[in-house]
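A.B. asks: I am sharing run_4.txt, which consists of compact mmCIF, C-alpha atoms:
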```
# COMPACT_ATOMS: atom_id res chain seq x y z
CA MET A 240 61.35 90.15 78.14
CA THR A 241 58.11 88.28 78.80
CA ALA A 242 55.21 88.58 76.42
CA PRO A 243 52.26 90.31 78.06
CA GLN A 244 49.36 88.13 79.00
CA ARG A 245 46.69 88.27 76.32
CA LYS A 246 43.56 89.98 77.65
CA PRO A 247 40.09 89.03 76.49
CA GLY A 248 39.64 90.83 73.18
CA PRO A 249 37.14 93.62 72.70
CA ASN A 250 34.02 92.89 70.76
CA ILE A 251 35.12 93.58 67.20
CA THR A 252 33.70 92.82 63.82
CA PRO A 253 35.23 90.11 61.58
CA GLU A 254 36.31 92.85 59.17
CA ALA A 255 38.14 94.70 61.97
CA ALA A 256 39.75 91.45 63.12
CA GLY A 257 40.90 90.83 59.54
CA LEU A 258 42.53 94.26 59.42
CA ILE A 259 44.42 93.54 62.64
CA GLU A 260 45.58 90.11 61.46
CA THR A 261 46.76 91.45 58.12
CA TYR A 262 48.60 94.32 59.79
CA PHE A 263 50.47 92.14 62.27
CA ALA A 264 51.27 89.52 59.66
CA ARG A 265 53.06 92.26 57.73
CA VAL A 266 54.82 93.55 60.85
CA HIS A 267 55.92 90.01 61.71
CA GLY A 268 57.15 89.35 58.17
CA ALA A 269 59.13 92.57 58.06
CA MET A 270 60.61 91.90 61.49
CA LEU A 271 61.82 88.47 60.42
CA VAL A 272 64.05 90.38 58.04
CA SER A 273 65.07 93.21 60.34
CA ALA A 274 64.99 91.91 63.89
CA ALA A 275 64.13 88.24 63.84
CA GLY A 276 64.98 87.57 67.48
CA GLU A 277 62.38 90.01 68.69
CA ALA A 278 59.62 89.41 66.17
CA ALA A 279 57.22 87.20 68.12
CA GLU A 280 57.47 89.04 71.42
CA THR A 281 57.19 92.44 69.78
CA VAL A 282 54.14 91.50 67.76
CA ASP A 283 52.46 90.14 70.90
CA GLU A 284 53.22 93.35 72.75
CA LEU A 285 51.95 95.56 69.94
CA ARG A 286 48.86 93.47 69.49
CA ALA A 287 48.09 93.84 73.20
CA HIS A 288 48.44 97.59 72.83
CA VAL A 289 46.01 97.61 69.91
CA MET A 290 43.49 95.51 71.84
CA ASP A 291 43.75 97.84 74.86
CA GLU A 292 43.07 100.81 72.63
CA LEU A 293 40.24 99.02 70.85
CA ALA A 294 38.55 98.22 74.15
CA ARG A 295 37.78 101.92 74.48
CA THR A 296 36.13 102.06 71.06
CA ASP A 297 33.18 100.50 69.29
CA GLY A 298 35.54 97.95 67.68
CA SER A 299 34.59 99.03 64.19
CA PRO A 300 36.95 98.75 61.18
CA ALA A 301 37.24 102.56 61.27
CA ALA A 302 38.48 102.45 64.87
CA VAL A 303 40.95 99.70 63.99
CA SER A 304 42.21 101.68 61.00
CA ARG A 305 42.72 104.73 63.19
CA ILE A 306 44.67 102.82 65.86
CA LEU A 307 46.78 100.96 63.31
CA GLY A 308 47.33 104.24 61.47
CA GLU A 309 48.85 105.68 64.64
CA LEU A 310 51.36 102.83 64.66
CA GLY A 311 52.30 103.62 61.06
CA PRO A 312 52.91 101.36 58.06
CA PRO A 313 53.81 97.80 59.17
CA GLU A 314 57.20 97.76 57.42
CA ALA A 315 58.17 101.14 58.87
CA LEU A 316 57.14 99.96 62.32
CA ALA A 317 59.27 96.84 61.93
CA ALA A 318 62.19 98.95 60.73
CA GLU A 319 61.94 101.01 63.92
CA TYR A 320 62.93 97.84 65.74
CA GLY A 321 66.25 97.79 64.03
CA GLY A 322 66.28 96.81 60.38
CA ALA A 323 66.43 99.77 58.10
CA ASP A 324 68.15 102.55 59.95
CA GLY A 325 70.71 100.89 62.10
CA PRO A 326 71.66 97.92 64.18
CA VAL A 327 69.23 96.18 66.43
CA PRO A 328 69.70 97.56 69.95
CA GLY A 329 72.13 95.30 71.73
CA ALA A 330 73.51 93.85 68.50
CA ALA A 331 77.24 93.42 67.96
CA PRO A 332 79.10 96.65 67.24
CA GLN A 333 79.40 97.71 63.60
CA ASP A 334 83.14 97.17 63.52
CA ALA A 335 82.99 93.54 64.50
CA ALA A 336 84.54 91.31 61.85
CA ASP A 337 81.84 89.78 59.75
CA PRO A 338 82.78 87.77 56.66
CA ARG A 339 79.64 88.92 54.87
CA ARG A 340 80.65 92.58 55.12
CA LEU A 341 82.97 94.01 52.52
CA HIS A 342 84.19 96.78 54.77
CA GLY A 343 84.66 97.21 58.48
CA ARG A 344 87.38 96.61 61.04
CA ILE A 345 89.43 93.62 62.12
CA LEU A 346 91.11 94.05 65.50
CA GLY A 347 90.69 97.79 65.14
CA VAL A 348 92.29 97.94 61.70
CA PRO A 349 89.92 99.06 58.92
CA TYR A 350 89.48 96.97 55.81
CA GLU A 351 87.79 97.81 52.53
CA LEU A 352 87.05 95.20 49.90
CA ARG A 353 84.52 97.10 47.80
CA MET A 354 85.80 98.14 44.40
CA PRO A 355 87.22 101.67 44.66
CA THR A 356 85.20 104.41 43.00
CA THR A 357 86.57 107.81 42.08
CA ALA A 358 84.03 109.41 44.42
CA ARG A 359 85.19 107.28 47.37
CA ILE A 360 88.86 107.84 46.59
CA ALA A 361 88.28 111.58 46.34
CA SER A 362 86.30 111.84 49.56
CA ARG A 363 88.92 109.86 51.51
CA TRP A 364 91.96 111.74 50.18
CA TRP A 365 90.58 115.26 50.41
CA ASN A 366 88.03 115.86 53.13
CA PRO A 367 88.99 118.92 55.17
CA LEU A 368 85.67 118.66 57.03
CA ASP A 369 86.85 115.40 58.60
CA PRO A 370 89.46 116.06 61.31
CA HIS A 371 90.98 112.56 60.95
CA VAL A 372 94.30 112.55 59.07
CA PHE A 373 94.33 108.77 58.78
CA VAL A 374 91.17 107.36 57.25
CA PRO A 375 90.23 103.81 56.21
CA ARG A 376 92.06 102.77 53.09
CA VAL A 377 90.25 103.08 49.77
CA PHE A 378 91.02 99.41 49.10
CA GLY A 379 92.72 96.84 51.29
CA LEU A 380 93.76 96.85 54.93
CA GLY A 381 94.96 99.88 56.86
CA TRP A 382 94.76 103.62 56.44
CA ASP A 383 95.15 106.30 53.78
CA ILE A 384 96.09 109.92 54.37
CA ASN A 385 93.30 112.49 54.31
CA PHE A 386 95.36 115.31 52.80
CA GLY A 387 92.54 117.76 53.52
CA ALA A 388 92.71 117.11 57.27
CA LEU A 389 96.51 117.33 57.13
CA ALA A 390 96.32 120.71 55.39
CA VAL A 391 93.87 121.93 58.05
CA LYS A 392 96.13 120.72 60.87
CA LEU A 393 99.10 122.51 59.28
CA GLY A 394 97.04 125.70 59.03
CA MET A 395 97.22 125.77 55.23
CA VAL A 396 93.45 125.67 54.68
CA ARG A 397 90.39 125.91 56.90
CA PRO A 398 87.76 123.16 56.96
CA ASP A 399 85.12 125.31 55.28
CA ASP A 400 87.33 127.27 52.88
CA GLU A 401 85.51 125.97 49.83
CA ASP A 402 81.77 125.41 49.53
CA GLU A 403 82.43 122.55 47.11
CA PRO A 404 86.02 121.30 46.92
CA PHE A 405 87.80 122.65 43.82
CA ALA A 406 84.50 123.77 42.24
CA THR A 407 85.72 127.33 41.67
CA VAL A 408 89.28 126.43 40.60
CA PRO A 409 89.84 127.83 37.09
CA ARG A 410 90.03 125.26 34.32
CA GLY A 411 93.63 126.22 33.54
CA TRP A 412 94.77 125.26 37.02
CA MET A 413 92.84 122.00 36.92
CA MET A 414 94.49 121.17 33.60
CA ALA A 415 97.88 122.06 35.09
CA ALA A 416 97.20 119.51 37.84
CA LEU A 417 96.48 116.86 35.23
CA ALA A 418 99.67 117.80 33.38
CA VAL A 419 101.78 116.70 36.38
CA PRO A 420 101.05 112.93 36.17
CA MET A 421 101.10 113.18 32.39
CA ALA A 422 104.62 114.65 32.50
CA LEU A 423 105.78 112.07 35.05
CA SER A 424 104.39 109.24 32.89
CA ALA A 425 106.12 110.70 29.85
CA ALA A 426 109.36 110.78 31.85
CA VAL A 427 108.94 107.11 32.77
CA ALA A 428 108.28 106.19 29.14
CA ALA A 429 111.22 108.27 27.90
CA LEU A 430 113.67 106.77 30.42
CA LEU A 431 112.48 103.26 29.57
CA ALA A 432 113.01 103.99 25.87
CA LEU A 433 116.52 105.23 26.61
CA TYR A 434 117.71 102.58 29.03
CA ALA A 435 115.54 99.45 28.98
CA ALA A 436 116.91 98.07 25.70
CA ALA A 437 120.32 97.70 27.33
CA TRP A 438 119.05 96.01 30.49
CA PRO A 439 119.89 92.37 31.26
CA ALA A 440 117.20 89.68 31.11
CA SER A 441 116.56 89.97 34.87
CA VAL A 442 116.10 93.37 36.49
CA PRO A 443 116.09 94.22 40.22
CA VAL A 444 112.71 95.16 41.66
CA GLN A 445 113.44 95.01 45.39
CA TRP A 446 116.38 96.32 47.40
CA SER A 447 117.70 96.09 50.95
CA ALA A 448 117.95 99.25 53.04
CA ALA A 449 121.61 99.44 51.97
CA GLY A 450 120.65 99.35 48.30
CA GLU A 451 121.54 95.72 47.57
CA PRO A 452 119.18 94.11 45.01
CA GLN A 453 117.13 91.37 46.68
CA SER A 454 114.74 90.14 44.03
CA PHE A 455 114.58 90.27 40.25
CA TRP A 456 111.91 90.17 37.56
CA PRO A 457 112.18 89.55 33.84
CA ARG A 458 112.96 92.76 31.96
CA ILE A 459 109.71 92.83 30.02
CA ALA A 460 107.66 92.39 33.20
CA VAL A 461 109.40 95.37 34.80
CA ILE A 462 108.79 97.51 31.71
CA VAL A 463 105.10 96.60 31.62
CA TYR A 464 104.74 97.08 35.37
CA LEU A 465 106.34 100.55 35.37
CA LEU A 466 104.37 101.70 32.35
CA ALA A 467 101.13 100.39 33.81
CA MET A 468 101.76 102.06 37.15
CA SER A 469 102.45 105.44 35.58
CA VAL A 470 100.48 105.64 32.35
CA LEU A 471 97.21 103.90 33.26
CA PRO A 472 96.39 106.10 36.30
CA ALA A 473 97.26 109.20 34.27
CA LEU A 474 94.91 108.05 31.53
CA GLY A 475 92.26 107.34 34.16
CA ALA A 476 92.63 110.86 35.51
CA ALA A 477 92.43 112.28 31.99
CA SER A 478 89.29 110.25 31.44
CA SER A 479 87.63 111.76 34.54
CA TYR A 480 88.40 115.20 33.09
CA ALA A 481 87.03 114.25 29.69
CA ARG A 482 83.85 112.85 31.23
CA ARG A 483 83.42 116.02 33.30
CA ARG A 484 83.40 114.26 36.65
CA PRO A 485 82.89 116.46 39.73
CA PRO A 486 85.89 118.73 40.40
CA LEU A 487 86.79 116.83 43.59
CA ASN A 488 87.00 113.56 41.64
CA ARG A 489 89.12 115.17 38.93
CA ALA A 490 91.55 116.73 41.39
CA ALA A 491 91.84 113.52 43.42
CA GLY A 492 92.33 111.54 40.20
CA ALA A 493 95.21 113.80 39.19
CA ALA A 494 96.71 113.56 42.69
CA GLY A 495 96.41 109.77 42.77
CA ALA A 496 97.96 109.43 39.33
CA THR A 497 100.77 111.73 40.45
CA LEU A 498 101.44 109.55 43.48
CA LEU A 499 101.68 106.36 41.43
CA ALA A 500 103.69 107.91 38.60
CA THR A 501 106.17 109.34 41.12
CA ILE A 502 106.65 105.91 42.69
CA ALA A 503 107.13 104.37 39.23
CA LEU A 504 109.68 107.03 38.30
CA ALA A 505 111.55 106.55 41.57
CA GLN A 506 111.72 102.80 41.05
CA LEU A 507 112.89 103.28 37.49
CA VAL A 508 115.67 105.67 38.51
CA GLN A 509 116.68 103.26 41.28
CA THR A 510 116.85 100.44 38.73
CA ILE A 511 118.87 102.48 36.25
CA LEU A 512 121.38 103.53 38.92
CA THR A 513 121.69 100.01 40.34
CA LEU A 514 122.31 98.51 36.91
CA GLY A 515 124.79 101.33 36.22
CA GLY A 516 126.74 100.37 39.33
CA THR A 517 125.81 103.37 41.49
CA PRO A 518 125.19 102.31 45.10
CA GLY A 519 122.59 103.72 47.46
CA MET A 520 118.86 103.95 47.90
CA TRP A 521 118.41 107.69 47.62
CA PRO A 522 116.13 107.54 44.53
CA THR A 523 113.69 105.36 46.46
CA TRP A 524 113.65 107.53 49.58
CA VAL A 525 113.42 110.76 47.60
CA GLY A 526 110.73 109.21 45.39
CA LEU A 527 108.59 107.93 48.25
CA SER A 528 108.78 111.30 50.03
CA THR A 529 107.89 113.11 46.83
CA ALA A 530 105.04 110.67 46.17
CA ILE A 531 103.39 111.90 49.37
CA LEU A 532 104.40 115.56 49.21
CA LEU A 533 103.51 116.20 45.57
CA PRO A 534 99.82 115.15 45.73
CA PHE A 535 99.49 116.94 49.06
CA ALA A 536 100.96 120.13 47.60
CA MET A 537 98.83 119.78 44.47
CA LEU A 538 95.54 119.43 46.35
CA THR A 539 96.41 122.15 48.87
CA VAL A 540 97.40 124.63 46.17
CA LEU A 541 94.23 123.89 44.18
CA SER A 542 92.12 124.35 47.31
CA ARG A 543 93.76 127.67 48.09
CA ILE A 544 93.18 128.81 44.51
CA GLY A 545 89.52 127.80 44.87
CA ARG A 546 89.27 129.69 48.15
CA ALA A 547 90.82 132.79 46.56
CA ARG A 548 88.26 132.61 43.75
CA GLU A 549 85.39 132.30 46.21
CA GLN A 550 86.73 135.26 48.15
CA ARG A 551 87.04 137.37 45.01
CA ARG A 552 83.49 136.40 44.03
CA ASP A 553 82.06 137.45 47.39
CA LEU A 554 84.29 140.39 48.24
CA ASN A 555 84.20 141.99 44.79
CA GLY A 556 80.71 140.89 43.85
CA THR A 557 77.31 142.41 44.33
CA ARG A 558 77.25 141.50 47.99
CA LYS A 559 80.44 143.46 48.67
CA LYS A 560 78.65 146.49 50.06
CA GLU A 561 77.11 144.60 52.97
CA PRO A 562 78.65 145.69 56.28
CA ALA A 563 81.62 143.70 57.53
CA ARG A 564 81.76 142.53 61.11
CA MET B 24 78.83 104.01 80.83
CA THR B 25 78.48 101.41 78.08
CA THR B 26 79.40 102.06 74.48
CA GLU B 27 75.78 101.44 73.57
CA ALA B 28 74.58 104.12 75.99
CA ASP B 29 77.27 106.49 74.69
CA GLY B 30 75.95 105.90 71.18
CA ARG B 31 72.39 106.72 72.20
CA ILE B 32 73.47 109.93 73.94
CA SER B 33 75.53 110.86 70.91
CA GLN B 34 72.48 110.32 68.68
CA PHE B 35 70.21 112.72 70.49
CA ARG B 36 73.03 115.26 70.87
CA LYS B 37 73.46 115.28 67.10
CA GLY B 38 69.83 116.27 66.64
CA ALA B 39 70.18 119.00 69.23
CA VAL B 40 73.36 120.42 67.70
CA GLU B 41 71.62 121.13 64.41
CA LEU B 42 69.03 123.21 66.23
CA ALA B 43 71.77 124.84 68.30
CA ILE B 44 73.53 126.02 65.12
CA LEU B 45 70.29 127.38 63.70
CA ALA B 46 69.62 129.13 67.02
CA LEU B 47 73.04 130.78 66.95
CA LEU B 48 72.57 131.95 63.38
CA HIS B 49 69.06 133.15 64.22
CA HIS B 50 70.75 135.78 66.39
CA GLY B 51 72.97 136.86 63.51
CA GLU B 52 75.55 135.60 61.07
CA ALA B 53 78.76 134.00 62.35
CA TYR B 54 81.92 132.43 60.93
CA GLY B 55 82.88 128.79 61.48
CA GLY B 56 85.36 129.33 64.28
CA GLU B 57 82.90 131.59 66.07
CA ILE B 58 80.18 128.94 65.86
CA VAL B 59 82.53 126.24 67.13
CA GLU B 60 83.63 128.45 70.02
CA ALA B 61 80.09 129.46 70.96
CA LEU B 62 78.86 125.86 70.96
CA ALA B 63 81.95 124.55 72.74
CA SER B 64 81.15 126.89 75.61
CA HIS B 65 78.16 124.63 76.33
CA PRO B 66 79.83 121.44 77.63
CA GLY B 67 76.51 119.59 77.57
CA LEU B 68 76.53 119.63 73.79
CA ALA B 69 80.01 118.01 73.72
CA ILE B 70 80.68 119.63 70.38
CA SER B 71 83.88 119.91 68.37
CA ALA B 72 84.98 121.42 65.08
CA GLY B 73 84.79 117.93 63.60
CA THR B 74 81.04 117.92 64.24
CA VAL B 75 80.25 121.52 63.39
CA TYR B 76 81.91 121.87 59.98
CA PRO B 77 80.32 118.81 58.35
CA LEU B 78 76.97 119.92 59.76
CA LEU B 79 77.43 123.44 58.36
CA SER B 80 78.23 121.90 54.99
CA ARG B 81 75.13 119.71 55.13
CA LEU B 82 72.88 122.60 56.16
CA ARG B 83 74.30 124.75 53.36
CA LYS B 84 73.67 122.04 50.79
CA ALA B 85 70.12 121.70 52.13
CA GLY B 86 69.57 125.43 51.57
CA VAL B 87 68.95 126.07 55.27
CA ILE B 88 71.96 128.38 55.56
CA ASP B 89 74.23 130.10 53.08
CA SER B 90 77.80 131.35 53.30
CA LEU B 91 79.60 134.48 52.27
CA TRP B 92 83.22 135.59 52.50
CA ARG B 93 83.74 138.90 54.29
CA GLU B 94 86.80 140.95 55.10
CA SER B 95 87.89 140.59 58.70
CA PRO B 96 89.18 143.59 60.65
CA VAL B 97 91.79 141.40 62.36
CA GLY B 98 93.07 139.00 59.70
CA PRO B 99 92.31 137.27 56.44
CA PRO B 100 88.73 137.16 55.11
CA ARG B 101 86.34 134.83 56.89
CA LYS B 102 83.46 132.77 55.65
CA TYR B 103 80.26 133.82 57.43
CA TYR B 104 77.12 131.74 57.67
CA ARG B 105 73.56 132.99 57.92
CA LEU B 106 70.06 131.58 57.83
CA THR B 107 68.24 131.61 54.51
CA PRO B 108 64.51 132.46 54.56
CA GLU B 109 63.83 128.70 54.42
CA GLY B 110 66.27 128.23 57.28
CA SER B 111 64.49 130.85 59.39
CA ALA B 112 61.19 129.07 58.84
CA GLU B 113 62.78 125.73 59.67
CA PHE B 114 64.33 127.18 62.80
CA GLU B 115 60.96 128.51 63.99
CA ALA B 116 59.35 125.12 63.43
CA MET B 117 62.18 123.20 65.08
CA ALA B 118 62.31 125.57 68.05
CA LYS B 119 58.59 125.16 68.59
CA ALA B 120 58.86 121.38 68.38
CA TRP B 121 61.83 121.45 70.74
CA GLU B 122 59.85 123.40 73.33
CA GLY B 123 57.22 120.69 73.29
CA VAL B 124 59.79 117.90 73.57
CA ALA B 125 61.80 119.69 76.25
CA GLY B 126 58.68 120.42 78.30
CA ALA B 127 57.57 116.83 78.12
CA MET B 128 61.05 115.55 79.02
CA ASP B 129 61.33 117.95 81.94
CA THR B 130 58.06 116.62 83.26
CA LEU B 131 59.12 113.01 82.80
CA LEU B 132 62.55 113.49 84.30
CA ASN B 133 61.60 115.69 87.24
CA LYS B 134 58.14 114.67 88.33
CA GLU B 135 56.73 111.42 89.56
CA ILE B 136 54.70 109.77 86.85
CA VAL B 137 51.15 109.16 88.01
CA ARG B 138 49.77 106.08 86.41
```
Translate the structure described by the file into structure tokens.
C.D. replies:
Amino acid sequence: MTAPQRKPGPNITPEAAGLIETYFARVHGAMLVSAAGEAAETVDELRAHVMDELARTDGSPAAVSRILGELGPPEALAAEYGGADGPVPGAAPQDAADPRRLHGRILGVPYELRMPTTARIASRWWNPLDPHVFVPRVFGLGWDINFGALAVKLGMVRPDDEDEPFATVPRGWMMAALAVPMALSAAVAALLALYAAAWPASVPVQWSAAGEPQSFWPRIAVIVYLLAMSVLPALGAASSYARRRPPLNRAAGAAGATLLATIALAQLVQTILTLGGTPGMWPTWVGLSTAILLPFAMLTVLSRIGRAREQRRDLNGTRKKEPAR
Amino acid sequence: MTTEADGRISQFRKGAVELAILALLHHGEAYGGEIVEALASHPGLAISAGTVYPLLSRLRKAGVIDSLWRESPVGPPRKYYRLTPEGSAEFEAMAKAWEGVAGAMDTLLNKEIVR
């Protein structure tokens, strides 16, 4: 783009000229932040527009204020050129890898390096409004499962079944959801108490597909790892209940804790059987399947309970007598 | 067509779809599937359930529409949406603004601009 040729300026007062200079200094400054490559040309173009408009006036400060007022605040005008509300037109696509960005895509694979928050975890794992079953991972590289979209695709819920996810689920059912990871964690702790004392100094932590141990950790490390993977998420979920987090966060917290506690329990059972001389990998396969199915079932059941409550509220409530279609 | 151009078209469609939903509900309440079906019958809007349901949720949170479960004569209960009084006022204002924009765009797109 070529900057327009500057026309002879209209006859304006020094005060009006000062207003124009101040205005465009602010536009230029803001554009250096939002769209640096275009700043000089854009300011020239806008200034030419203002001078054209001024040529049809008496050039007074009032006329300048009116014309500049039509352009809007300088920073907002600069933002229109690409800073505040989106990329500069023609800029690289949002998913281009950029080391300064903590989330985005690399070769089409999403990455997320921001610290996970319960709100983000919840909205990724249960969002029936989003038709995508695989959504960018809460933390790391790859995808997580959006159980809400999966439930919609399987016809178990509809996208708009609940106004607010899990908001109308009775407290008893929400507590029952929390009880699942608590019970699984208790099972992990109980099995460790029963078996870990008799374990050798090194304990298998990785197996081949045929069930042959491939790598070992010190016994105490395995105990700490399994307890941390089961108990800490369950305590985190309990904490979100105690702090009265939004229902979606609480339900997702319980589901996430269930997933991790199930994996920990499966690994523990696999370890116990391996050390007891029982071949096979069935505890791992059963555990991994259950680790996906159990949170999915938990969230779907809670959502259906919430939907039933909403239906009872509307169909049995004061608005019941309105004609049905 | 370039990705950039696709993005721009998608942007102005999004604005239009919100008004389209309000226009549908201005004629009477409707359930989600009905809204999706009615809008999908207008290929120019290029609309899908994945666009409509989040928009319905956003409009409901904004108080522009509200929802209500009703018995269905042919199956399980359905959640119906309708305009709130604020939504009706917003629809009137948006429709009026749209007429102005559409008229101007028709002129620009169909007639030679006299400088």
A.B. asks: Which residues are near stretch 98-111 of chain B? Cut-off 6 Å, only C-alpha atoms, ignore same chain within fewer than 6 positions. Put them as number ranges by chain.
C.D. replies: B: 48, 52-54, 87-92
A.B. asks: Report as an MDAnalysis selection string all protein, DNA and RNA residues lying within 8 Å of stretch 504-513 of chain A, evaluated on all atoms listed in the file, omitting residues in the same chain fewer than 5 positions from it.
C.D. replies: chainID A and resid 423:424 426:427 430:431 434 442:444 452 465 469 518 520:523 525:527
A.B. asks: Would you tabulate, counting only C-alpha atoms, all residues of chain A that have an atom at most 6 Å from an atom of chain B, showing the closest pair of atoms and their distance in Å to one decimal, sorted by chain then ascending number, as JSON lines?
C.D. replies:
```
{"residue": "A:Leu368", "atom": "CA", "partner": "B:Pro77", "partner_atom": "CA", "distance": 5.5}
{"residue": "A:Asp369", "atom": "CA", "partner": "B:Gly73", "partner_atom": "CA", "distance": 6.0}
{"residue": "A:Pro370", "atom": "CA", "partner": "B:Gly73", "partner_atom": "CA", "distance": 5.5}
{"residue": "A:Gln550", "atom": "CA", "partner": "B:Trp92", "partner_atom": "CA", "distance": 5.6}
{"residue": "A:Asp553", "atom": "CA", "partner": "B:Trp92", "partner_atom": "CA", "distance": 5.6}
```
A.B. asks: Set the distance at 12 Å and use all atoms listed in the file: which residues neighbour B:Pro66 once local chain neighbours fewer than 6 positions away are removed? I'd like the list as a PyMOL selection string.
C.D. replies: chain B and resi 36+40+59-60
A.B. asks: Identify, on the basis of all atoms listed in the file, every residue whose closest approach to A:Trp365 does not exceed 8 Å; exclude the query and any residue fewer than 3 positions from it along the same chain; express the result as a list in words.
C.D. replies: Ala361, Ser362, Asn385, Phe386, Gly387, Ala388, Leu487, Ala491 and Leu538 of chain A
A.B. asks: Just how far from atom CA of A:Gly394 is atom CA of A:Leu554, in Å to one decimal?
C.D. replies: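 If I compute the distance from atom CA of A:Leu554 to atom CA of A:Gly394, I get 22.2 Å.
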A.B. asks: Could you tell me how far atom CA of A:Ser528 lies from atom CA of A:Ile502, in Å and to one decimal?
C.D. replies: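 It comes out at 9.4 Å.
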A.B. asks: Using only C-alpha atoms, which of A:Lys392, A:Arg265, A:Arg353, A:Arg546 sits nearest A:Ala406?
C.D. replies: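 Of A:Lys392, A:Arg265, A:Arg353, A:Arg546, the one nearest A:Ala406, counting only C-alpha atoms, is A:Arg546.
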A.B. asks: If you measure from atom CA of A:Ile544 to atom CA of A:Ser479, what distance in Å do you get, rounded to one decimal?
C.D. replies: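 Atom-to-atom, atom CA of A:Ile544 to atom CA of A:Ser479, that is 20.5 Å.
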A.B. asks: Out of A:Pro457, A:Gly308, A:Gly450, A:Pro420, which residue has the shortest atom-to-atom distance to A:Leu498 when counting only C-alpha atoms?
C.D. replies: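 Looking only at the distances to A:Leu498, the closest residue turns out to be A:Pro420.
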A.B. asks: I want to know what sits within 12 Å of B:Ala116, based on all atoms listed in the file, with residues of the same chain fewer than 6 positions away left out; could you give that as a list in words?
C.D. replies: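 Residues meeting the cut-off are Leu42, Leu45, Ala46, Glu109, Gly110, Glu122 and Gly123 of chain B.
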